[in-house]
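Trainee: My questions all concern the structure below.
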Amino acid sequence: MAHRIEVRPEKLTLVSYTVDDVAAVVAEEAARVGLPESVTVQVEVDEVLPSPLTGSTSDLMEGRARLWLSGGELEDPRYRLQLADRQARQVVAIGLLRVADRLGPCADAPPDLQLDDRQRSAWDSWAEGRAGRLGVPAHPTRRRYHFRLAHGFNDVADAVFERLWAADALTWADLEAACDETAAVDTREPPKPRTALQR
C-alpha cells in the first residue's frame with residue numbers, strides 16, 4: 001500500500017514540471033517522514049506565484065493532509081519555472097512533518113493561516129532539523145536567519161533555535177513556550193502581520 005496523492009490543478013501549464021513530478025516528490029517524502037499511509041495527501045500548487053513569491057501551508061482537515069505550495073517554493077531560482085528537486089523535497093518534507101505533528105503532539109495547534117510569525121518559524125525550525133536527520137537536504141544557517149527575523153537577533157533566540165533544531169519530541173505547548181521565551185527579551189517593535197499569499 002502507498003499514500004494516495006492528489007495534485008491540483010490536474011495539469012500545470014505555466015511551469016516546465018508536471019503534476020506527476022510533484023506527486024512523485026510528495027509520495028517519496030511522505031514515506032520518508034513516516035506519514036501514515038491511511039492519510040491522503042492533497043497538494044495544491046499555485047503556479048501563478050513564481051520565485052521569489054514563496055509560501056506554503058500544511059494542515060490536517062477531515063483526516064486529509066492538505067499542502068498549499070506557491071510555484072516559487074518548488075522552482076529553481078537559477079532556472080525559472082523548473083523544478084528544484086532538493087528545494088522541493090525540503091519544503092514538502094517540512095510540511096508533511098508538521099501534518100504528522102497535527103496527528104499527535106500538536107493536535108491542538110491552530111490552522112497554518114492563524115499562526116503568527118514566531119509560531120510558524122519555531123515549528124518550521126523543529127521540522128527542518130528532523131527532516132535533516134532523515135536525510136532531507138537541510139540549511140541550518142538559512143533557517144537560523146529566518147528564525148532570528150521572527151524571534152530577535154540575540155543570544156536567547158539563538159539558544160532557543162538550537163534546542164528546537166536538535167529536538168525530536170515536542171508538543172504544541174513546548175513550541176508556544178519557546179515563542180514566549182524569545183518574546184520576553186525581544187525589544188523590537190512588534191511586526192505588522194504579513195498578507196498571506198494563499199488566496
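Numbering starts fresh at 1 for the residues of each chain in the C-alpha cells, the chains themselves are lettered A, B, ... in the order given, and ligands are numbered from 1 as they appear.
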Can you tell me, as number ranges by chain, which residues in chain A count as strand (DSSP E or B) by DSSP?

Mentor: A: 5-8, 41-46, 56-61, 64-70, 75-76, 79-83

Trainee: Can I get the selected residues back with C-alpha atoms, as a PDB file, in the first residue's frame?

Mentor:
```pdb
ATOM      1  CA  ILE A   5      -1.566  11.663  -3.604  1.00  0.00           C
ATOM      2  CA  GLU A   6      -3.902  14.186  -5.241  1.00  0.00           C
ATOM      3  CA  VAL A   7      -2.390  17.212  -7.008  1.00  0.00           C
ATOM      4  CA  ARG A   8      -4.329  20.258  -8.115  1.00  0.00           C
ATOM      5  CA  VAL A  41      -2.249  13.927   0.739  1.00  0.00           C
ATOM      6  CA  GLN A  42      -3.879  16.716  -1.259  1.00  0.00           C
ATOM      7  CA  VAL A  43      -1.449  19.177  -2.835  1.00  0.00           C
ATOM      8  CA  GLU A  44      -2.374  22.481  -4.440  1.00  0.00           C
ATOM      9  CA  VAL A  45       0.321  24.185  -6.493  1.00  0.00           C
ATOM     10  CA  ASP A  46      -0.250  27.875  -7.205  1.00  0.00           C
ATOM     11  CA  SER A  56       3.380  27.214   1.865  1.00  0.00           C
ATOM     12  CA  THR A  57       0.820  25.898   4.299  1.00  0.00           C
ATOM     13  CA  SER A  58       0.214  22.407   5.632  1.00  0.00           C
ATOM     14  CA  ASP A  59      -2.889  21.424   7.519  1.00  0.00           C
ATOM     15  CA  LEU A  60      -4.850  18.342   8.510  1.00  0.00           C
ATOM     16  CA  MET A  61      -8.506  18.604   7.572  1.00  0.00           C
ATOM     17  CA  ARG A  64      -6.503  14.511   4.966  1.00  0.00           C
ATOM     18  CA  ALA A  65      -3.179  16.249   4.648  1.00  0.00           C
ATOM     19  CA  ARG A  66      -3.551  19.464   2.690  1.00  0.00           C
ATOM     20  CA  LEU A  67      -0.464  21.175   1.351  1.00  0.00           C
ATOM     21  CA  TRP A  68      -0.603  24.505  -0.464  1.00  0.00           C
ATOM     22  CA  LEU A  69       2.606  25.498  -2.257  1.00  0.00           C
ATOM     23  CA  SER A  70       3.409  28.569  -4.274  1.00  0.00           C
ATOM     24  CA  GLU A  75      11.134  26.414  -8.513  1.00  0.00           C
ATOM     25  CA  ASP A  76      14.866  26.542  -9.076  1.00  0.00           C
ATOM     26  CA  TYR A  79      16.379  28.327 -13.783  1.00  0.00           C
ATOM     27  CA  ARG A  80      12.932  29.827 -13.613  1.00  0.00           C
ATOM     28  CA  LEU A  81       9.902  27.569 -13.950  1.00  0.00           C
ATOM     29  CA  GLN A  82      11.980  24.397 -13.481  1.00  0.00           C
ATOM     30  CA  LEU A  83      11.574  22.050 -10.532  1.00  0.00           C
TER      31      LEU A  83
END
```

Trainee: Pick from A:Val185, A:Val19, A:Val91, A:Leu164: nearest to Trp126 of chain A, with only C-alpha atoms counted?

Mentor: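 Using only C-alpha atoms, Trp126 of chain A sits closest to A:Leu164.
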
Trainee: Please provide as a ChimeraX atom specification all residues within 12 Å of Asp158 of chain A, with the sequence filter that same-chain residues fewer than 6 positions apart are discarded (counting only C-alpha atoms).

Mentor: /A:122,125,140-141,143-152,164-165,178,181-182,185

Trainee: Could you tell me which of A:Leu12, A:Leu96, A:Leu115, A:Ala169 comes closest to Thr40 of chain A if we count only C-alpha atoms?

Mentor: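 Residue with the minimum atom-to-atom distance to Thr40 of chain A: A:Leu96.
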
Trainee: Which residue gives the smallest distance to Gln90 of chain A among A:Tyr17, A:Glu176, A:Asp168, A:Glu128, with only C-alpha atoms counted?

Mentor: A:Glu128

Trainee: Check which residues of segment 62-129 of chain A sit at most 8 Å from segment 26-32 of chain A using only C-alpha atoms, and return one row each with the closest pair of atoms and their distance in Å to one decimal, ordered by chain and rising number, as CSV.

Mentor:
```
residue,atom,partner,partner_atom,distance
A:Arg89,CA,A:Glu29,CA,6.7
A:Val92,CA,A:Val26,CA,6.4
A:Ala93,CA,A:Glu29,CA,5.5
A:Leu96,CA,A:Ala30,CA,6.5
```

Trainee: Could you check the closest approach to Gly71 of chain A for each of A:Pro190, A:Pro36, A:Gly55, A:Pro137 and tell me which residue wins, using only C-alpha atoms?

Mentor: A:Gly55

Trainee: Any idea what the distance is between atom CA of Pro105 of chain A and atom CA of Asp117 of chain A?

Mentor: 20.1 Å

Trainee: In Å, rounded to a single decimal, give me how far atom CA of Ala23 of chain A is from atom CA of Arg98 of chain A.

Mentor: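 Taking atom CA of Arg98 of chain A as the start and atom CA of Ala23 of chain A as the end point, the length is 18.3 Å.
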
Trainee: Extract, using only C-alpha atoms, all DNA, RNA and protein residues at most 7 Å from Leu74 of chain A, discarding same-chain residues fewer than 5 positions from it, and format them as a list in words.

Mentor: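 Returned residues: Leu83, Ala84, Gln87 and Ala88 of chain A.
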
Trainee: To one decimal in Å, tell me the separation between atom CA of Leu97 of chain A and atom CA of Asp186 of chain A.

Mentor: 28.3 Å
